[in-house]
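Contents: one structure, followed by commentary.
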Amino acid sequence: MILKYKAGDSLKTDADKIGISDMMSGLETVNTSFDALYKTRNTQEAALSGPSASSLKAAAIKSYEQFCMAVELSVNHTPGEVFTALFNQMQELREKYALLLPRKEKKETPGV
């Protein structure tokens, strides 16, 4: 937005007419400061060491399977609108994202 504002003289003229030129300058200053802080934080976060995502995959799959089982058991043994709606939403997501997986991975995909 700031780049478009600065690129066109007509926008600057219009901003002067409605009295928001100072606000746009302040927005640019704050945006520049925010961007610098954001980049610094990303650099700091990237430098932190932690487990790789692939090393967490097995635990995540197991937790997901347990969650799916808990939802399925809830639907079957304590039926209600909330559990049924959750189960149906989860099923829609599984069907949607199963189409995105390569064929060989479809067999490994956990589900209910």
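Lettering and numbering for the structure tokens are positional, with chains as A, B, ... in the shown order, residues counted from 1 in each chain, and ligands counted from 1 in the shown order.
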
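By chain and then residue number, the residues within 12 Å of stretch 58-74 of chain A are Ser52, Ala53, Ser54, Ser55, His77, Thr78, Pro79, Gly80, Glu81, Val82, Phe83, Thr84, Ala85, Leu86, Phe87, Asn88, Gln89, Met90, Gln91, Arg94, Glu108, Thr109, Pro110, Gly111 and Val112 of chain A, counting only C-alpha atoms and disregarding those fewer than 3 positions away in sequence.
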
May I have all residues of chain A that DSSP, computed from the backbone, assigns to alpha helix (DSSP H), given as a compact mmCIF listing (two decimals) with N, CA, C and O atoms, in the first residue's frame?
# COMPACT_ATOMS: atom_id res chain seq x y z
N ILE A 2 1.91 1.22 0.81
CA ILE A 2 2.81 2.38 0.89
C ILE A 2 3.51 2.59 -0.45
O ILE A 2 3.65 3.73 -0.90
N LEU A 3 3.94 1.50 -1.09
CA LEU A 3 4.61 1.63 -2.38
C LEU A 3 3.68 2.24 -3.42
O LEU A 3 4.09 3.10 -4.21
N LYS A 4 2.43 1.81 -3.44
CA LYS A 4 1.46 2.39 -4.38
C LYS A 4 1.24 3.87 -4.07
O LYS A 4 1.14 4.69 -4.98
N TYR A 5 1.14 4.17 -2.80
CA TYR A 5 0.94 5.56 -2.38
C TYR A 5 2.10 6.45 -2.84
O TYR A 5 1.90 7.53 -3.39
N LYS A 6 3.31 5.97 -2.64
CA LYS A 6 4.49 6.77 -2.99
C LYS A 6 4.71 6.83 -4.49
O LYS A 6 5.33 7.77 -4.98
N ALA A 7 4.23 5.84 -5.22
CA ALA A 7 4.47 5.77 -6.66
C ALA A 7 3.61 6.76 -7.45
O ALA A 7 4.00 7.18 -8.54
N ASP A 9 1.65 10.39 -7.82
CA ASP A 9 1.44 11.75 -7.31
C ASP A 9 -0.03 12.03 -7.04
O ASP A 9 -0.38 12.80 -6.15
N SER A 10 -0.91 11.39 -7.80
CA SER A 10 -2.34 11.66 -7.61
C SER A 10 -2.80 11.15 -6.24
O SER A 10 -3.64 11.79 -5.60
N LEU A 11 -2.25 10.04 -5.79
CA LEU A 11 -2.61 9.54 -4.46
C LEU A 11 -2.12 10.49 -3.37
O LEU A 11 -2.81 10.72 -2.38
N LYS A 12 -0.93 11.01 -3.56
CA LYS A 12 -0.40 11.96 -2.57
C LYS A 12 -1.26 13.23 -2.54
O LYS A 12 -1.55 13.76 -1.46
N THR A 13 -1.65 13.69 -3.71
CA THR A 13 -2.50 14.87 -3.79
C THR A 13 -3.85 14.62 -3.12
O THR A 13 -4.33 15.45 -2.34
N ASP A 14 -4.41 13.46 -3.38
CA ASP A 14 -5.69 13.10 -2.76
C ASP A 14 -5.55 12.99 -1.24
O ASP A 14 -6.43 13.41 -0.50
N ALA A 15 -4.44 12.43 -0.79
CA ALA A 15 -4.20 12.31 0.65
C ALA A 15 -4.08 13.68 1.30
O ALA A 15 -4.58 13.90 2.40
N ASP A 16 -3.43 14.61 0.60
CA ASP A 16 -3.34 15.99 1.10
C ASP A 16 -4.73 16.62 1.21
O ASP A 16 -5.04 17.29 2.18
N LYS A 17 -5.55 16.39 0.19
CA LYS A 17 -6.90 16.97 0.17
C LYS A 17 -7.74 16.51 1.35
O LYS A 17 -8.50 17.29 1.92
N ILE A 18 -7.62 15.22 1.71
CA ILE A 18 -8.46 14.71 2.80
C ILE A 18 -7.73 14.72 4.15
O ILE A 18 -8.28 14.28 5.16
N SER A 21 -2.07 12.80 4.89
CA SER A 21 -0.66 12.69 4.50
C SER A 21 0.23 12.36 5.69
O SER A 21 1.13 11.51 5.59
N ASP A 22 -0.01 13.04 6.80
CA ASP A 22 0.79 12.76 8.00
C ASP A 22 0.56 11.33 8.50
O ASP A 22 1.49 10.66 8.93
N MET A 23 -0.68 10.88 8.42
CA MET A 23 -0.98 9.52 8.83
C MET A 23 -0.25 8.50 7.95
O MET A 23 0.30 7.51 8.43
N MET A 24 -0.21 8.76 6.65
CA MET A 24 0.48 7.85 5.73
C MET A 24 1.98 7.84 6.02
O MET A 24 2.60 6.77 5.98
N SER A 25 2.56 8.97 6.34
CA SER A 25 3.99 9.03 6.70
C SER A 25 4.25 8.25 7.98
O SER A 25 5.23 7.50 8.08
N GLY A 26 3.36 8.43 8.96
CA GLY A 26 3.50 7.68 10.21
C GLY A 26 3.34 6.20 9.99
O GLY A 26 4.07 5.39 10.59
N LEU A 27 2.41 5.82 9.13
CA LEU A 27 2.21 4.40 8.82
C LEU A 27 3.46 3.80 8.18
O LEU A 27 3.87 2.69 8.52
N GLU A 28 4.08 4.55 7.30
CA GLU A 28 5.30 4.07 6.66
C GLU A 28 6.41 3.86 7.69
O GLU A 28 7.10 2.84 7.67
N THR A 29 6.56 4.80 8.60
CA THR A 29 7.59 4.70 9.64
C THR A 29 7.36 3.47 10.52
O THR A 29 8.28 2.69 10.77
N VAL A 30 6.14 3.32 10.98
CA VAL A 30 5.81 2.18 11.85
C VAL A 30 5.95 0.87 11.09
O VAL A 30 6.44 -0.13 11.63
N ASN A 31 5.53 0.85 9.83
CA ASN A 31 5.63 -0.36 9.03
C ASN A 31 7.09 -0.76 8.82
O ASN A 31 7.43 -1.95 8.88
N THR A 32 7.96 0.21 8.60
CA THR A 32 9.38 -0.07 8.43
C THR A 32 9.97 -0.64 9.72
O THR A 32 10.74 -1.62 9.68
N SER A 33 9.59 -0.09 10.86
CA SER A 33 10.07 -0.60 12.15
C SER A 33 9.57 -2.02 12.39
O SER A 33 10.32 -2.89 12.83
N PHE A 34 8.30 -2.24 12.10
CA PHE A 34 7.72 -3.57 12.26
C PHE A 34 8.45 -4.58 11.39
O PHE A 34 8.78 -5.68 11.83
N ASP A 35 8.69 -4.23 10.13
CA ASP A 35 9.37 -5.13 9.21
C ASP A 35 10.76 -5.49 9.72
O ASP A 35 11.17 -6.66 9.66
N ALA A 36 11.48 -4.54 10.25
CA ALA A 36 12.81 -4.80 10.80
C ALA A 36 12.73 -5.75 11.98
O ALA A 36 13.52 -6.71 12.09
N LEU A 37 11.79 -5.51 12.88
CA LEU A 37 11.61 -6.41 14.03
C LEU A 37 11.21 -7.80 13.60
O LEU A 37 11.69 -8.81 14.13
N TYR A 38 10.33 -7.88 12.62
CA TYR A 38 9.86 -9.17 12.10
C TYR A 38 11.03 -9.97 11.53
O TYR A 38 11.19 -11.15 11.81
N LYS A 39 11.85 -9.32 10.72
CA LYS A 39 13.00 -10.00 10.12
C LYS A 39 14.01 -10.43 11.18
O LYS A 39 14.58 -11.52 11.10
N THR A 40 14.23 -9.59 12.19
CA THR A 40 15.14 -9.95 13.28
C THR A 40 14.63 -11.17 14.03
O THR A 40 15.38 -12.10 14.31
N ARG A 41 13.34 -11.18 14.32
CA ARG A 41 12.76 -12.32 15.04
C ARG A 41 12.83 -13.58 14.20
O ARG A 41 13.15 -14.66 14.73
N ASN A 42 12.55 -13.49 12.92
CA ASN A 42 12.66 -14.67 12.07
C ASN A 42 14.07 -15.22 12.06
O ASN A 42 14.28 -16.44 12.09
N THR A 43 15.05 -14.33 12.01
CA THR A 43 16.45 -14.75 12.03
C THR A 43 16.78 -15.45 13.34
O THR A 43 17.43 -16.50 13.36
N GLN A 44 16.30 -14.89 14.45
CA GLN A 44 16.55 -15.49 15.75
C GLN A 44 15.86 -16.86 15.87
O GLN A 44 16.46 -17.81 16.36
N GLU A 45 14.63 -16.95 15.42
CA GLU A 45 13.89 -18.21 15.48
C GLU A 45 14.56 -19.28 14.61
O GLU A 45 14.62 -20.44 14.98
N ALA A 46 15.06 -18.87 13.45
CA ALA A 46 15.71 -19.82 12.55
C ALA A 46 17.00 -20.35 13.14
O ALA A 46 17.41 -21.48 12.86
N ALA A 47 17.66 -19.55 13.98
CA ALA A 47 18.93 -19.96 14.58
C ALA A 47 18.74 -20.95 15.72
O ALA A 47 19.69 -21.64 16.10
N ALA A 53 11.21 -31.62 11.83
CA ALA A 53 9.79 -31.97 11.66
C ALA A 53 9.64 -33.45 11.37
O ALA A 53 8.73 -34.11 11.87
N SER A 54 10.56 -34.00 10.57
CA SER A 54 10.44 -35.42 10.23
C SER A 54 10.66 -36.32 11.45
O SER A 54 10.09 -37.41 11.52
N SER A 55 11.43 -35.85 12.43
CA SER A 55 11.63 -36.68 13.63
C SER A 55 10.39 -36.70 14.51
O SER A 55 10.24 -37.57 15.35
N LEU A 56 9.49 -35.74 14.32
CA LEU A 56 8.26 -35.66 15.10
C LEU A 56 7.08 -36.33 14.39
O LEU A 56 6.00 -36.45 14.97
N LYS A 57 7.28 -36.77 13.16
CA LYS A 57 6.18 -37.29 12.35
C LYS A 57 5.51 -38.51 13.00
O LYS A 57 4.28 -38.56 13.07
N ALA A 58 6.27 -39.46 13.46
CA ALA A 58 5.67 -40.68 14.02
C ALA A 58 4.80 -40.36 15.24
O ALA A 58 3.67 -40.88 15.36
N ALA A 59 5.28 -39.50 16.11
CA ALA A 59 4.50 -39.12 17.30
C ALA A 59 3.25 -38.34 16.90
O ALA A 59 2.18 -38.53 17.49
N ALA A 60 3.37 -37.49 15.89
CA ALA A 60 2.21 -36.72 15.43
C ALA A 60 1.16 -37.64 14.83
O ALA A 60 -0.04 -37.47 15.08
N ILE A 61 1.58 -38.60 14.05
CA ILE A 61 0.64 -39.57 13.45
C ILE A 61 -0.07 -40.36 14.54
O ILE A 61 -1.29 -40.54 14.50
N LYS A 62 0.69 -40.82 15.54
CA LYS A 62 0.09 -41.59 16.63
C LYS A 62 -0.93 -40.74 17.39
O LYS A 62 -2.04 -41.20 17.70
N SER A 63 -0.59 -39.50 17.68
CA SER A 63 -1.52 -38.61 18.38
C SER A 63 -2.76 -38.34 17.55
O SER A 63 -3.87 -38.32 18.06
N TYR A 64 -2.57 -38.15 16.26
CA TYR A 64 -3.71 -37.92 15.37
C TYR A 64 -4.64 -39.14 15.35
O TYR A 64 -5.87 -39.01 15.41
N GLU A 65 -4.05 -40.33 15.27
CA GLU A 65 -4.85 -41.55 15.27
C GLU A 65 -5.63 -41.70 16.58
O GLU A 65 -6.80 -42.08 16.57
N GLN A 66 -4.99 -41.37 17.69
CA GLN A 66 -5.67 -41.45 18.99
C GLN A 66 -6.82 -40.43 19.05
O GLN A 66 -7.89 -40.73 19.57
N PHE A 67 -6.59 -39.25 18.53
CA PHE A 67 -7.64 -38.23 18.51
C PHE A 67 -8.82 -38.69 17.66
O PHE A 67 -9.98 -38.57 18.07
N CYS A 68 -8.51 -39.22 16.47
CA CYS A 68 -9.58 -39.72 15.59
C CYS A 68 -10.36 -40.84 16.27
O CYS A 68 -11.60 -40.88 16.18
N MET A 69 -9.65 -41.72 16.96
CA MET A 69 -10.32 -42.82 17.66
C MET A 69 -11.22 -42.27 18.77
O MET A 69 -12.35 -42.74 18.95
N ALA A 70 -10.75 -41.28 19.49
CA ALA A 70 -11.56 -40.68 20.55
C ALA A 70 -12.82 -40.04 20.00
O ALA A 70 -13.91 -40.18 20.57
N VAL A 71 -12.70 -39.37 18.87
CA VAL A 71 -13.87 -38.75 18.25
C VAL A 71 -14.83 -39.83 17.77
O VAL A 71 -16.05 -39.74 17.98
N GLU A 72 -14.31 -40.86 17.14
CA GLU A 72 -15.16 -41.95 16.65
C GLU A 72 -15.89 -42.64 17.80
O GLU A 72 -17.09 -42.90 17.72
N LEU A 73 -15.17 -42.92 18.88
CA LEU A 73 -15.81 -43.54 20.05
C LEU A 73 -16.88 -42.63 20.64
O LEU A 73 -17.94 -43.10 21.06
N SER A 74 -16.60 -41.34 20.66
CA SER A 74 -17.58 -40.39 21.18
C SER A 74 -18.84 -40.37 20.32
O SER A 74 -19.96 -40.33 20.84
N VAL A 75 -18.66 -40.42 19.02
CA VAL A 75 -19.82 -40.43 18.11
C VAL A 75 -20.64 -41.70 18.30
O VAL A 75 -21.87 -41.66 18.33
N ASN A 76 -19.95 -42.83 18.47
CA ASN A 76 -20.64 -44.11 18.59
C ASN A 76 -21.26 -44.36 19.95
O ASN A 76 -22.31 -45.00 20.05
N HIS A 77 -20.62 -43.87 21.02
CA HIS A 77 -21.08 -44.23 22.37
C HIS A 77 -21.79 -43.09 23.11
O HIS A 77 -22.53 -43.34 24.05
N GLU A 81 -24.94 -33.85 18.61
CA GLU A 81 -24.72 -33.00 17.43
C GLU A 81 -23.27 -32.52 17.32
O GLU A 81 -22.72 -32.44 16.24
N VAL A 82 -22.67 -32.20 18.46
CA VAL A 82 -21.30 -31.65 18.43
C VAL A 82 -20.32 -32.69 17.91
O VAL A 82 -19.52 -32.40 17.01
N PHE A 83 -20.36 -33.91 18.47
CA PHE A 83 -19.43 -34.95 18.02
C PHE A 83 -19.69 -35.35 16.58
O PHE A 83 -18.76 -35.57 15.80
N THR A 84 -20.96 -35.45 16.22
CA THR A 84 -21.30 -35.83 14.85
C THR A 84 -20.82 -34.77 13.86
O THR A 84 -20.24 -35.10 12.82
N ALA A 85 -21.01 -33.51 14.18
CA ALA A 85 -20.55 -32.42 13.31
C ALA A 85 -19.03 -32.44 13.19
O ALA A 85 -18.48 -32.29 12.09
N LEU A 86 -18.34 -32.63 14.31
CA LEU A 86 -16.87 -32.70 14.28
C LEU A 86 -16.40 -33.87 13.44
O LEU A 86 -15.51 -33.73 12.60
N PHE A 87 -17.01 -35.03 13.64
CA PHE A 87 -16.65 -36.22 12.87
C PHE A 87 -16.84 -35.98 11.38
O PHE A 87 -15.97 -36.30 10.57
N ASN A 88 -17.97 -35.39 11.01
CA ASN A 88 -18.26 -35.13 9.59
C ASN A 88 -17.28 -34.12 9.00
O ASN A 88 -16.83 -34.27 7.86
N GLN A 89 -16.92 -33.09 9.76
CA GLN A 89 -15.95 -32.11 9.28
C GLN A 89 -14.58 -32.75 9.09
O GLN A 89 -13.88 -32.47 8.11
N MET A 90 -14.20 -33.60 10.03
CA MET A 90 -12.91 -34.29 9.91
C MET A 90 -12.91 -35.20 8.69
O MET A 90 -11.91 -35.27 7.96
N GLN A 91 -14.02 -35.88 8.44
CA GLN A 91 -14.12 -36.76 7.28
C GLN A 91 -14.02 -35.98 5.97
O GLN A 91 -13.33 -36.40 5.04
N GLU A 92 -14.65 -34.83 5.91
CA GLU A 92 -14.56 -33.98 4.72
C GLU A 92 -13.12 -33.55 4.47
O GLU A 92 -12.66 -33.56 3.32
N LEU A 93 -12.42 -33.18 5.53
CA LEU A 93 -11.02 -32.78 5.38
C LEU A 93 -10.15 -33.94 4.93
O LEU A 93 -9.28 -33.78 4.06
N ARG A 94 -10.38 -35.12 5.50
CA ARG A 94 -9.60 -36.30 5.10
C ARG A 94 -9.81 -36.59 3.62
O ARG A 94 -8.85 -36.87 2.89
N GLU A 95 -11.06 -36.53 3.17
CA GLU A 95 -11.36 -36.82 1.76
C GLU A 95 -10.73 -35.76 0.86
O GLU A 95 -10.17 -36.09 -0.19
N LYS A 96 -10.80 -34.51 1.27
CA LYS A 96 -10.24 -33.42 0.47
C LYS A 96 -8.73 -33.56 0.32
O LYS A 96 -8.18 -33.47 -0.78
N TYR A 97 -8.03 -33.81 1.44
CA TYR A 97 -6.58 -33.86 1.40
C TYR A 97 -6.03 -35.19 0.94
O TYR A 97 -4.90 -35.27 0.49
N ALA A 98 -6.83 -36.25 0.99
CA ALA A 98 -6.38 -37.54 0.47
C ALA A 98 -6.15 -37.46 -1.03
O ALA A 98 -5.26 -38.13 -1.57
N ARG A 103 -0.10 -41.53 -4.64
CA ARG A 103 -0.74 -42.84 -4.45
C ARG A 103 -0.11 -43.68 -3.34
O ARG A 103 -0.79 -44.25 -2.53
N LYS A 104 1.23 -43.78 -3.32
CA LYS A 104 1.88 -44.66 -2.34
C LYS A 104 1.65 -44.21 -0.90
O LYS A 104 1.63 -45.00 0.00
N GLU A 105 1.47 -42.90 -0.68
CA GLU A 105 1.27 -42.39 0.67
C GLU A 105 -0.15 -42.54 1.15
O GLU A 105 -0.42 -42.49 2.35
N LYS A 106 -1.12 -42.72 0.27
CA LYS A 106 -2.50 -42.84 0.66
C LYS A 106 -2.72 -43.99 1.62
O LYS A 106 -3.51 -43.93 2.54
